[in-house]
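Containing mmCIF, C-alpha atoms and all ligand atoms: query_17.cif.
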data_target
loop_
_atom_site.label_atom_id
_atom_site.label_comp_id
_atom_site.auth_asym_id
_atom_site.auth_seq_id
_atom_site.Cartn_x
_atom_site.Cartn_y
_atom_site.Cartn_z
CA ASP A 1 47.34 60.30 33.34
CA LEU A 2 49.33 59.67 30.18
CA GLY A 3 52.12 57.66 31.83
CA ASP A 4 54.79 56.97 29.22
CA TYR A 5 52.49 57.77 26.32
CA LYS A 6 52.72 60.91 24.28
CA TYR A 7 49.04 61.26 23.45
CA TYR A 8 45.78 59.76 24.70
CA MET A 9 45.18 58.27 21.28
CA GLN A 10 48.38 56.25 21.58
CA LYS A 11 47.50 55.21 25.14
CA GLU A 12 43.99 54.19 24.07
CA ILE A 13 45.29 52.16 21.12
CA PHE A 14 47.55 50.26 23.50
CA GLU A 15 44.76 49.78 26.06
CA GLN A 16 42.76 47.71 23.58
CA PRO A 17 43.85 44.24 24.77
CA GLN A 18 42.60 45.09 28.27
CA ALA A 19 39.48 46.93 27.05
CA ILE A 20 38.48 43.85 25.08
CA ARG A 21 39.07 41.55 28.02
CA ASP A 22 36.89 43.85 30.13
CA THR A 23 34.13 43.88 27.52
CA LEU A 24 34.09 40.08 27.37
CA GLU A 25 34.27 39.64 31.14
CA SER A 26 31.25 37.77 32.56
CA ARG A 27 29.53 37.74 29.16
CA ILE A 28 31.00 34.50 27.88
CA THR A 29 31.95 31.13 29.27
CA LYS A 30 34.73 29.06 27.72
CA ASN A 31 32.53 28.24 24.74
CA THR A 32 29.22 30.09 25.00
CA VAL A 33 27.85 33.63 24.86
CA LEU A 34 25.63 34.42 27.85
CA LEU A 35 22.26 35.84 26.87
CA SER A 36 21.96 37.25 30.38
CA ALA A 37 24.51 39.91 29.36
CA PHE A 38 21.66 41.71 27.54
CA GLY A 39 19.23 41.73 30.49
CA TYR A 40 16.36 39.45 31.47
CA ARG A 41 14.00 40.67 28.72
CA ALA A 42 16.46 40.05 25.91
CA LYS A 43 15.53 36.45 25.16
CA THR A 44 11.88 37.20 24.34
CA ILE A 45 12.75 40.35 22.38
CA PHE A 46 15.50 38.64 20.39
CA LYS A 47 13.28 35.65 19.59
CA ASN A 48 10.60 37.94 18.20
CA THR A 49 12.97 40.15 16.20
CA LYS A 50 12.46 39.85 12.45
CA HIS A 51 14.41 42.94 11.30
CA ILE A 52 17.27 44.93 12.70
CA GLN A 53 17.83 48.64 12.09
CA ILE A 54 21.12 50.12 13.24
CA ILE A 55 21.70 53.86 13.57
CA ALA A 56 24.94 55.57 14.55
CA CYS A 57 27.46 58.22 13.46
CA GLY A 58 31.13 58.26 12.49
CA THR A 59 33.21 55.46 13.92
CA SER A 60 30.18 53.92 15.62
CA TYR A 61 28.49 53.77 12.20
CA ASN A 62 31.49 51.89 10.82
CA ALA A 63 31.17 49.34 13.64
CA GLY A 64 27.50 48.93 12.74
CA LEU A 65 28.41 48.35 9.11
CA VAL A 66 30.63 45.43 10.08
CA ALA A 67 27.76 44.08 12.20
CA LYS A 68 25.35 44.18 9.27
CA TYR A 69 27.52 41.56 7.53
CA TRP A 70 27.77 39.46 10.69
CA LEU A 71 24.07 39.60 11.51
CA GLU A 72 22.90 38.56 8.08
CA ASP A 73 25.62 35.95 7.81
CA ILE A 74 25.44 34.43 11.29
CA ALA A 75 21.95 35.16 12.63
CA LYS A 76 20.25 35.36 9.20
CA ILE A 77 18.25 38.44 10.25
CA PRO A 78 17.76 41.21 7.65
CA THR A 79 19.73 44.21 8.89
CA ASN A 80 19.83 47.80 7.74
CA ILE A 81 22.17 50.51 8.83
CA GLU A 82 22.01 54.26 8.31
CA VAL A 83 23.81 57.33 9.58
CA ALA A 84 21.65 58.89 12.27
CA SER A 85 21.83 62.39 10.77
CA GLU A 86 19.96 61.11 7.71
CA TYR A 87 17.65 58.69 9.45
CA ARG A 88 16.27 61.28 11.86
CA TYR A 89 15.22 63.71 9.14
CA ARG A 90 13.31 61.39 6.87
CA ASN A 91 10.25 59.24 7.39
CA PRO A 92 11.72 55.76 7.48
CA ILE A 93 9.35 52.82 7.38
CA VAL A 94 9.97 50.57 10.33
CA LEU A 95 8.58 47.08 9.86
CA ASP A 96 6.87 45.17 12.66
CA ASN A 97 9.21 43.28 14.97
CA THR A 98 12.17 45.51 14.25
CA LEU A 99 14.85 45.86 16.88
CA LEU A 100 16.33 49.35 16.71
CA ILE A 101 19.98 49.45 17.72
CA THR A 102 21.95 52.59 18.50
CA ILE A 103 25.73 52.45 18.79
CA SER A 104 27.63 55.24 20.50
CA GLN A 105 30.74 55.81 22.54
CA SER A 106 29.37 58.82 24.39
CA GLY A 107 25.67 58.02 24.47
CA GLU A 108 25.09 61.74 23.92
CA THR A 109 25.45 62.19 20.15
CA ALA A 110 22.52 64.46 19.26
CA ASP A 111 21.77 62.88 15.88
CA THR A 112 21.70 59.34 17.25
CA LEU A 113 19.65 60.31 20.29
CA GLU A 114 17.10 62.31 18.30
CA ALA A 115 16.76 59.51 15.75
CA LEU A 116 15.96 57.10 18.60
CA ARG A 117 13.47 59.53 20.13
CA SER A 118 11.62 60.19 16.91
CA ILE A 119 11.25 56.49 16.08
CA LYS A 120 10.08 55.70 19.60
CA LYS A 121 7.48 58.43 19.27
CA ARG A 122 6.17 57.12 15.93
CA TYR A 123 6.38 53.41 16.69
CA LYS A 124 5.26 52.94 20.26
CA ASN A 125 5.96 49.19 20.39
CA ILE A 126 9.45 49.23 18.98
CA HIS A 127 12.17 47.47 20.94
CA THR A 128 15.47 49.23 21.36
CA LEU A 129 19.00 48.22 22.26
CA THR A 130 21.95 50.54 22.76
CA ILE A 131 25.60 49.54 22.59
CA CYS A 132 27.24 52.32 24.51
CA ASN A 133 30.42 53.11 26.40
CA CYS A 134 28.89 55.47 28.97
CA ALA A 135 26.68 53.83 31.57
CA GLU A 136 25.15 57.13 32.66
CA SER A 137 24.08 58.62 29.37
CA SER A 138 20.95 59.71 27.53
CA LEU A 139 21.07 56.70 25.19
CA THR A 140 21.29 54.18 28.04
CA ARG A 141 18.47 55.96 29.90
CA GLU A 142 16.19 55.95 26.87
CA SER A 143 16.85 52.44 25.52
CA GLU A 144 15.12 49.27 26.59
CA LEU A 145 18.13 46.96 26.41
CA ILE A 146 21.70 48.03 27.10
CA LEU A 147 25.02 46.39 26.37
CA LEU A 148 27.87 48.46 27.73
CA THR A 149 31.22 48.43 26.04
CA HIS A 150 33.80 48.43 28.81
CA ALA A 151 36.43 50.42 26.95
CA GLY A 152 36.95 52.79 29.89
CA PRO A 153 37.12 56.56 29.34
CA GLU A 154 38.14 57.56 25.83
CA ILE A 155 39.70 61.02 25.85
CA SER A 156 41.18 61.38 22.37
CA VAL A 157 38.72 62.74 19.81
CA ALA A 158 39.72 59.93 17.44
CA SER A 159 37.86 56.87 18.58
CA THR A 160 39.96 53.71 18.87
CA LYS A 161 39.26 51.38 21.78
CA ALA A 162 35.57 52.34 21.71
CA PHE A 163 35.43 51.00 18.13
CA THR A 164 37.06 47.64 18.79
CA THR A 165 34.97 47.05 21.91
CA GLN A 166 31.84 47.97 19.93
CA LEU A 167 32.82 45.27 17.44
CA VAL A 168 33.32 42.77 20.25
CA SER A 169 29.89 43.69 21.66
CA LEU A 170 28.27 43.37 18.24
CA ALA A 171 29.87 39.95 17.82
CA LEU A 172 28.37 38.89 21.16
CA PHE A 173 25.02 40.23 20.02
CA SER A 174 25.19 38.43 16.65
CA VAL A 175 25.79 35.11 18.37
CA ALA A 176 23.19 35.76 21.09
CA ILE A 177 20.40 36.64 18.68
CA GLY A 178 21.53 33.93 16.25
CA LYS A 179 21.10 31.38 19.04
CA CYS A 180 17.60 32.65 19.76
CA HIS A 181 16.79 32.05 16.09
CA LYS A 182 18.45 28.62 16.12
CA GLN A 183 20.93 29.72 13.47
CA VAL A 184 24.07 29.16 15.53
CA ASP A 185 24.97 25.65 16.60
CA LYS A 186 27.17 24.74 19.54
CA GLN A 187 30.25 24.16 17.44
CA GLN A 188 29.96 27.48 15.63
CA GLU A 189 29.37 29.29 18.91
CA ALA A 190 32.38 27.63 20.51
CA SER A 191 34.61 28.59 17.61
CA ILE A 192 33.48 32.26 17.66
CA VAL A 193 33.95 32.44 21.44
CA ASP A 194 37.38 30.89 21.07
CA GLY A 195 38.27 33.64 18.57
CA LEU A 196 36.99 36.32 20.92
CA ASN A 197 39.02 34.85 23.76
CA ARG A 198 42.16 34.99 21.64
CA LEU A 199 41.60 38.58 20.51
CA SER A 200 43.53 40.36 23.27
CA GLY A 201 46.62 38.28 22.61
CA LEU A 202 46.33 38.80 18.86
CA ILE A 203 46.02 42.57 19.29
CA LYS A 204 49.09 42.62 21.53
CA LYS A 205 51.06 40.84 18.82
CA THR A 206 49.82 43.27 16.19
CA LEU A 207 50.81 46.23 18.34
CA GLU A 208 54.33 44.81 18.49
CA GLN A 209 54.62 45.59 14.78
CA GLU A 210 54.41 49.32 15.46
CA ASN A 211 57.96 50.01 14.26
CA LYS A 212 57.19 48.71 10.79
CA ILE A 213 54.19 51.02 10.62
CA ILE A 214 56.27 54.00 11.75
CA LYS A 215 58.43 53.38 8.69
CA LEU A 216 55.41 53.16 6.40
CA ALA A 217 54.03 56.39 7.84
CA GLN A 218 57.10 58.33 6.61
CA SER A 219 55.94 58.10 3.03
CA PHE A 220 52.74 60.02 3.85
CA LYS A 221 54.65 63.13 4.85
CA ASP A 222 53.87 65.11 1.71
CA LYS A 223 50.74 63.35 0.57
CA PHE A 224 47.42 65.13 0.15
CA ASN A 225 45.21 62.17 -0.73
CA ALA A 226 44.94 58.51 0.22
CA ILE A 227 42.62 55.70 -0.80
CA PHE A 228 41.61 52.73 1.33
CA LEU A 229 40.27 49.52 -0.20
CA GLY A 230 38.57 46.48 1.24
CA ARG A 231 35.81 44.06 0.43
CA GLY A 232 33.07 42.67 2.68
CA THR A 233 33.56 43.65 6.33
CA MET A 234 36.95 45.07 5.32
CA HIS A 235 35.19 47.78 3.39
CA ALA A 236 33.85 49.02 6.74
CA ILE A 237 37.34 48.72 8.22
CA ALA A 238 38.75 50.64 5.25
CA MET A 239 36.16 53.36 5.97
CA GLU A 240 37.30 53.46 9.58
CA GLY A 241 40.94 53.70 8.45
CA ALA A 242 40.09 56.58 6.11
CA LEU A 243 38.07 58.38 8.79
CA LYS A 244 40.94 58.10 11.25
CA LEU A 245 43.54 59.34 8.77
CA LYS A 246 41.52 62.35 7.58
CA GLU A 247 40.43 63.26 11.10
CA ILE A 248 43.85 63.55 12.67
CA SER A 249 46.31 64.07 9.82
CA TYR A 250 44.05 66.15 7.52
CA ILE A 251 45.00 64.02 4.55
CA HIS A 252 41.99 63.67 2.30
CA SER A 253 41.19 59.96 2.58
CA GLU A 254 38.42 57.95 1.03
CA ALA A 255 37.48 54.33 1.31
CA PHE A 256 35.91 52.28 -1.44
CA PRO A 257 34.69 48.73 -1.70
CA ALA A 258 37.47 47.38 -3.94
CA GLY A 259 34.98 46.12 -6.51
CA GLU A 260 33.70 49.67 -7.05
CA LEU A 261 37.08 50.95 -8.24
CA LYS A 262 36.32 50.39 -11.90
CA HIS A 263 33.02 52.26 -11.58
CA GLY A 264 34.72 55.61 -11.05
CA PRO A 265 37.20 55.90 -8.18
CA ILE A 266 40.07 54.43 -10.22
CA ALA A 267 40.18 57.78 -12.03
CA LEU A 268 41.57 59.28 -8.80
CA ILE A 269 44.55 56.98 -8.61
CA ASP A 270 47.92 58.38 -9.61
CA LYS A 271 51.47 58.07 -8.35
CA ASP A 272 50.92 60.66 -5.61
CA THR A 273 47.91 58.88 -4.12
CA PRO A 274 48.86 56.00 -1.84
CA VAL A 275 46.46 53.08 -1.80
CA ILE A 276 46.03 51.08 1.38
CA ALA A 277 44.37 47.70 0.97
CA ILE A 278 43.24 45.11 3.49
CA ALA A 279 43.68 41.53 2.36
CA PRO A 280 42.28 38.91 4.71
CA ASN A 281 42.36 35.30 3.68
CA ASP A 282 38.72 35.00 2.69
CA GLN A 283 36.61 34.03 -0.31
CA LEU A 284 37.08 37.47 -1.88
CA LEU A 285 40.87 37.38 -1.77
CA ASP A 286 41.37 36.56 -5.44
CA LYS A 287 39.02 39.35 -6.45
CA LEU A 288 40.96 41.78 -4.27
CA LYS A 289 44.24 40.62 -5.81
CA SER A 290 42.95 41.49 -9.26
CA ASN A 291 41.86 44.90 -7.97
CA LEU A 292 45.45 45.42 -6.80
CA GLN A 293 46.68 44.65 -10.31
CA GLU A 294 44.40 47.38 -11.64
CA VAL A 295 45.89 49.85 -9.15
CA LYS A 296 49.45 48.78 -9.92
CA SER A 297 49.25 49.86 -13.51
CA ARG A 298 48.57 53.45 -12.32
CA GLY A 299 51.94 53.64 -10.59
CA SER A 300 50.71 54.52 -7.11
CA GLN A 301 52.36 53.45 -3.91
CA MET A 302 50.51 50.51 -2.38
CA ILE A 303 50.42 49.23 1.16
CA VAL A 304 48.74 45.90 1.72
CA PHE A 305 47.91 44.63 5.18
CA GLU A 306 47.44 40.91 4.74
CA ASP A 307 46.86 37.69 6.58
CA GLU A 308 49.97 35.50 6.37
CA MET A 309 47.83 32.94 4.56
CA SER A 310 46.81 35.49 1.89
CA ASN A 311 50.18 35.35 0.12
CA VAL A 312 49.89 38.65 -1.67
CA LEU A 313 52.98 38.72 -3.89
CA PRO A 314 54.74 42.08 -3.59
CA MET A 315 54.82 44.02 -6.85
CA LYS A 316 56.65 47.17 -7.81
CA ASN A 317 55.83 50.06 -5.40
CA MET A 318 54.00 47.69 -3.07
CA THR A 319 54.70 46.98 0.59
CA VAL A 320 53.00 43.90 1.94
CA MET A 321 52.78 43.61 5.69
CA SER A 322 51.58 40.34 7.21
CA ILE A 323 49.50 41.27 10.19
CA THR A 324 48.38 37.94 11.41
CA HIS A 325 47.74 34.29 10.68
CA ASN A 326 44.52 32.64 9.54
CA LEU A 327 41.86 34.77 11.18
CA GLY A 328 38.15 34.10 11.22
CA ARG A 329 35.36 36.38 10.02
CA ILE A 330 34.82 37.89 13.49
CA THR A 331 38.43 38.35 14.55
CA ALA A 332 39.74 39.58 11.19
CA PRO A 333 38.02 43.00 11.03
CA ILE A 334 38.99 43.72 14.63
CA ILE A 335 42.65 42.83 14.11
CA PHE A 336 42.99 44.67 10.79
CA THR A 337 41.77 47.84 12.50
CA ILE A 338 44.94 47.99 14.60
CA PRO A 339 47.53 48.75 11.86
CA LEU A 340 45.20 51.41 10.42
CA GLN A 341 44.92 53.12 13.80
CA LEU A 342 48.70 53.05 14.22
CA LEU A 343 49.24 54.32 10.70
CA SER A 344 46.99 57.35 11.13
CA TYR A 345 48.50 58.07 14.55
CA HIS A 346 52.06 58.06 13.20
CA VAL A 347 51.19 60.05 10.09
CA ALA A 348 49.57 62.68 12.32
CA LEU A 349 52.68 62.76 14.53
CA ILE A 350 54.94 63.25 11.50
CA LYS A 351 52.70 66.05 10.28
CA GLY A 352 52.94 67.70 13.69
CA ALA A 353 49.18 67.70 14.20
CA ASP A 354 47.53 67.97 17.59
CA VAL A 355 46.65 64.29 17.66
CA ASP A 356 44.14 64.27 20.52
CA LYS A 357 42.38 67.49 19.56
CA PRO A 358 42.08 67.69 15.80
CA ARG A 359 40.92 70.98 14.36
CA ASN A 360 37.18 71.68 14.10
CA LEU A 361 36.18 68.54 16.01
CA ALA A 362 34.68 67.83 19.42
CA LYS A 363 34.77 64.53 21.29
CA SER A 364 31.05 64.37 21.67
CA VAL A 365 28.80 66.00 19.08
CA THR A 366 25.82 67.10 21.13
CA VAL A 367 24.62 69.65 18.59
CA GLU A 368 23.07 69.15 15.16
O1 LIG B 401 29.95 59.11 20.80
P1 LIG B 401 29.59 58.54 19.45
O2 LIG B 401 30.12 57.18 19.23
O3 LIG B 401 28.08 58.56 19.22
O4 LIG B 401 30.24 59.51 18.40
C1 LIG B 401 30.02 59.35 17.03
C2 LIG B 401 31.04 60.11 16.20
O5 LIG B 401 30.94 61.49 16.43
C3 LIG B 401 32.47 59.65 16.48
O6 LIG B 401 32.62 58.29 16.31
C4 LIG B 401 33.48 60.38 15.58
O7 LIG B 401 33.29 59.99 14.24
C5 LIG B 401 34.91 60.08 16.05
N1 LIG B 401 35.61 61.30 16.29
C6 LIG B 401 35.69 59.26 15.07
O8 LIG B 401 36.99 59.03 15.50
#
Structure re-expressed in structure tokens:
Amino acid sequence: DLGDYKYYMQKEIFEQPQAIRDTLESRITKNTVLLSAFGYRAKTIFKNTKHIQIIACGTSYNAGLVAKYWLEDIAKIPTNIEVASEYRYRNPIVLDNTLLITISQSGETADTLEALRSIKKRYKNIHTLTICNCAESSLTRESELILLTHAGPEISVASTKAFTTQLVSLALFSVAIGKCHKQVDKQQEASIVDGLNRLSGLIKKTLEQENKIIKLAQSFKDKFNAIFLGRGTMHAIAMEGALKLKEISYIHSEAFPAGELKHGPIALIDKDTPVIAIAPNDQLLDKLKSNLQEVKSRGSQMIVFEDEMSNVLPMKNMTVMSITHNLGRITAPIIFTIPLQLLSYHVALIKGADVDKPRNLAKSVTVE
């Protein structure tokens, strides 16, 4: 039932505060992450894990890419990530004590499932964890450990609340495994949990800025290309923003790590190619600001989603929108996803696209 919403995508974007609360429910206390959320065997498996390999597709891959940064940063465990459609067709070397993680909304994506099956066949002792939104699915049946995202049914082909709840689940996992490796102290854990507890409220506030994004979306009406920039975890969020925009508005969108611009992509930038940048208040902010200067001189329209603390000074052709205030490394990528979801939704509406059922795409890709 759509209620007052026009499309499922819009409804699902606005369901995120609740979906996140549901995903956190009974998995955290006021200041700790409960290891029991991952099942009774998790503690031993996590303690013995020396490497993590993540496999997923599309939006779920982008969530895994954020988690790679978190896992190496917080839990100090070497982590690799690969798209399942590549991983399944090569002969990857899986080191001893690797935990293989699949991430999937549906739990039925053929590439992800077949990648899991082939690795399990070749490496009989491998431990597996799936982060999945469907309790009754092939991935949950065939994985040893399961952490369900409680996003509720996602109908729109464009994944939204599944993505943010995957990120929340991966944050829980990063802390849980980090604790098993004695890399996360009580204070750090309490501060991450506090951030997670505040997420729903922060998302609500961000959603209240929808009108400003509707205005920004107008300028995409006759655009054919768009470029998304971010650094660190925001590169993964930029990729998610680009995937969303191309998927439902059919605007050719690409994401680049901002530092790569000068190695080629800057040649694409002209006045008809809007550039969307994500500017959290982190240690890479100054580097990102100089990347924006490089873009400016090409005369393109720029949209910068920033943290209030980032103080990006508006330049000619640049709109700076403060999304939020002083976010941490876990909360920031989740919150900066919201304006990108809204932007692609409103651009698609303006273009008159069938938002929930974009051309050529299926909700669950159960074929090769
Ligand atoms: O069900 P899954 O999470 O395994 O699906 C993976 C991708 O097919 C999916 O995320 C796709 O990229 C979405 N349509 C993106 O919005």
**Asked** Do you know which residues are at most 9 Å from Glu154 of chain A counting only C-alpha atoms, after dropping those on the same chain fewer than 2 positions away, and could you put them as a PyMOL selection string?
**Response** chain A and resi 8-9+12+105-106+133+151-152+156-162+363
**Message:** Which residue is closest to Arg41 of chain A? Choose from A:Lys120, A:Lys76, A:Arg231, A:His127 and count only C-alpha atoms.
**Reply:** A:His127
Please produce, as CSV, a per-residue contact table for chain A versus ligand LIG 401 (chain B) (criterion: any atom at most 8 Å away, only C-alpha atoms and all ligand atoms considered), showing the nearest atom pair and its distance in Å to one decimal, sorted by chain then residue number.
residue,atom,partner,partner_atom,distance
A:Ala56,CA,B:LIG401,O3,6.4
A:Cys57,CA,B:LIG401,C1,4.5
A:Gly58,CA,B:LIG401,O7,3.3
A:Thr59,CA,B:LIG401,O6,3.8
A:Ser60,CA,B:LIG401,O2,4.9
A:Tyr61,CA,B:LIG401,O6,7.4
A:Ile103,CA,B:LIG401,O2,6.5
A:Ser104,CA,B:LIG401,O2,3.4
A:Gln105,CA,B:LIG401,O2,3.6
A:Ser106,CA,B:LIG401,O1,3.6
A:Gly107,CA,B:LIG401,O1,5.7
A:Glu108,CA,B:LIG401,O1,6.3
A:Thr109,CA,B:LIG401,O3,4.6
A:Thr112,CA,B:LIG401,O3,6.7
A:Cys132,CA,B:LIG401,O2,7.7
A:Val157,CA,B:LIG401,N1,4.9
A:Ala158,CA,B:LIG401,O8,3.5
A:Ser159,CA,B:LIG401,O8,3.9
A:Thr160,CA,B:LIG401,O8,7.0
A:Ala162,CA,B:LIG401,O2,7.7
A:Leu243,CA,B:LIG401,C6,6.8
A:Lys244,CA,B:LIG401,O8,5.9
A:Glu247,CA,B:LIG401,O8,7.0
A:Leu361,CA,B:LIG401,N1,7.3
A:Ala362,CA,B:LIG401,N1,7.3
A:Lys363,CA,B:LIG401,N1,6.0
A:Ser364,CA,B:LIG401,O1,5.4
A:Val365,CA,B:LIG401,O5,5.7
**Fill in**
Shortest contact to Pro274 of chain A, candidates A:Thr140, A:Ser290, A:Ser253, A:Thr366, atoms counted only C-alpha atoms, goes to A:Ser253
**Message:** Would you pick out the contacts of segment 189-195 of chain A at 9 Å or less, using only C-alpha atoms, so that residues sharing its chain but fewer than 6 positions from it are not included, and give the list as a list of chain:residue names?
**Reply:** A:Ile28, A:Thr29, A:Lys30, A:Asn31, A:Thr32, A:Val33, A:Ala171, A:Leu172, A:Val175, A:Lys179, A:Leu327, A:Gly328, A:Arg329, A:Ile330, A:Thr331
**Item:** Among listed residues A:Leu207, A:Ile101, A:Ala255, A:Leu196, nearest Asn225 of chain A (using all atoms listed in the file)
**Value:**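 Among the listed residues, the smallest separation from Asn225 of chain A belongs to A:Ala255.
Residues with any atom within 8 Å of Pro78 of chain A, counting only C-alpha atoms and excluding same-chain neighbours fewer than 5 positions away, are A:Lys50, A:His51, A:Ile52, A:Leu71, A:Glu72.
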How would the residues just picked look written out with C-alpha atoms as a PDB file, in the coordinates of the input?
ATOM      1  CA  LYS A  50      12.460  39.850  12.450  1.00  0.00           C
ATOM      2  CA  HIS A  51      14.410  42.940  11.300  1.00  0.00           C
ATOM      3  CA  ILE A  52      17.270  44.930  12.700  1.00  0.00           C
ATOM      4  CA  LEU A  71      24.070  39.600  11.510  1.00  0.00           C
ATOM      5  CA  GLU A  72      22.900  38.560   8.080  1.00  0.00           C
TER       6      GLU A  72
END
**Request:** For Lys351 of chain A, work out the shell of residues within 8 Å, counting all atoms listed in the file and skipping chain neighbours fewer than 3 positions away, then give it as JSON, numbers by chain.
**Result:** {"A": [221, 249, 347, 348]}
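Computed from the coordinates, the atom CA of Gly299 of chain A to atom CA of Pro280 of chain A distance equals 23.3 Å.
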**Request:** Report the distance between atom CA of Gly241 of chain A and atom CA of Ile227 of chain A in Å, rounded to one decimal place.
**Result:**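 About the pair atom CA of Gly241 of chain A and atom CA of Ile227 of chain A: they are 9.6 Å apart.
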**Request:** Just give me the gap between atom CA of Lys357 of chain A and atom CA of Ile251 of chain A in Å, one decimal is fine.
**Result:** 15.6 Å
**Message:** Neighbouring residues of Asn91 of chain A were defined as those with any atom within 12 Å, considering all atoms listed in the file; residues of the same chain fewer than 6 positions away were excluded. Please report them as number ranges by chain.
**Reply:** A: 115, 118-119, 122-123
Put those residues in a file: C-alpha atoms, as a PDB file, in the coordinates of the input.
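Here's the written file selection.pdb:
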ATOM      1  CA  ALA A 115      16.760  59.510  15.750  1.00  0.00           C
ATOM      2  CA  SER A 118      11.620  60.190  16.910  1.00  0.00           C
ATOM      3  CA  ILE A 119      11.250  56.490  16.080  1.00  0.00           C
ATOM      4  CA  ARG A 122       6.170  57.120  15.930  1.00  0.00           C
ATOM      5  CA  TYR A 123       6.380  53.410  16.690  1.00  0.00           C
TER       6      TYR A 123
END
**Asked** Given the choices A:Met309, A:Leu100, A:Ala63, A:Ala19, which gets closest to Met234 of chain A if the distance is worked out from all atoms listed in the file?
**Response**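 When distances to Met234 of chain A are compared using all atoms listed in the file, the smallest one comes from A:Ala63.
Checking A:Glu86, A:Ile81, A:Asn317, A:Thr273 one by one against Val304 of chain A, counting all atoms listed in the file, you find the shortest gap at A:Asn317.
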**Nearest to Val94 of chain A, chosen from A:Ile13, A:Asn80, A:Asp185, A:His346, with only C-alpha atoms counted in the distances** =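 Ranked by minimum distance to Val94 of chain A, first place goes to A:Asn80.
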Can you write segment 59-89 of chain A from the block above with C-alpha atoms, as a CSV table (one decimal), in the first residue's frame?
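Okay, selection-v8.csv is ready:
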chain,number,residue,atom,x,y,z
A,59,THR,CA,24.1,-1.5,-4.4
A,60,SER,CA,25.0,-4.3,-2.0
A,61,TYR,CA,28.6,-4.1,-3.4
A,62,ASN,CA,28.7,-0.4,-2.6
A,63,ALA,CA,27.7,-1.2,1.0
A,64,GLY,CA,30.5,-3.7,1.1
A,65,LEU,CA,33.0,-1.1,-0.2
A,66,VAL,CA,32.1,1.2,2.7
A,67,ALA,CA,32.6,-1.7,5.1
A,68,LYS,CA,36.1,-2.4,3.7
A,69,TYR,CA,37.2,1.0,5.0
A,70,TRP,CA,35.5,0.4,8.4
A,71,LEU,CA,36.9,-3.1,8.8
A,72,GLU,CA,40.4,-2.2,8.2
A,73,ASP,CA,40.1,1.0,10.2
A,74,ILE,CA,38.2,-0.2,13.2
A,75,ALA,CA,38.8,-4.0,13.4
A,76,LYS,CA,42.3,-3.9,11.7
A,77,ILE,CA,41.4,-7.0,9.6
A,78,PRO,CA,42.6,-7.1,6.0
A,79,THR,CA,39.4,-7.0,3.8
A,80,ASN,CA,38.9,-7.5,0.1
A,81,ILE,CA,35.8,-6.8,-1.9
A,82,GLU,CA,34.8,-7.9,-5.4
A,83,VAL,CA,31.7,-7.9,-7.5
A,84,ALA,CA,30.3,-11.4,-7.5
A,85,SER,CA,30.0,-11.7,-11.3
A,86,GLU,CA,33.8,-11.5,-11.5
A,87,TYR,CA,34.7,-13.4,-8.4
A,88,ARG,CA,32.7,-16.5,-9.4
A,89,TYR,CA,34.4,-16.9,-12.8
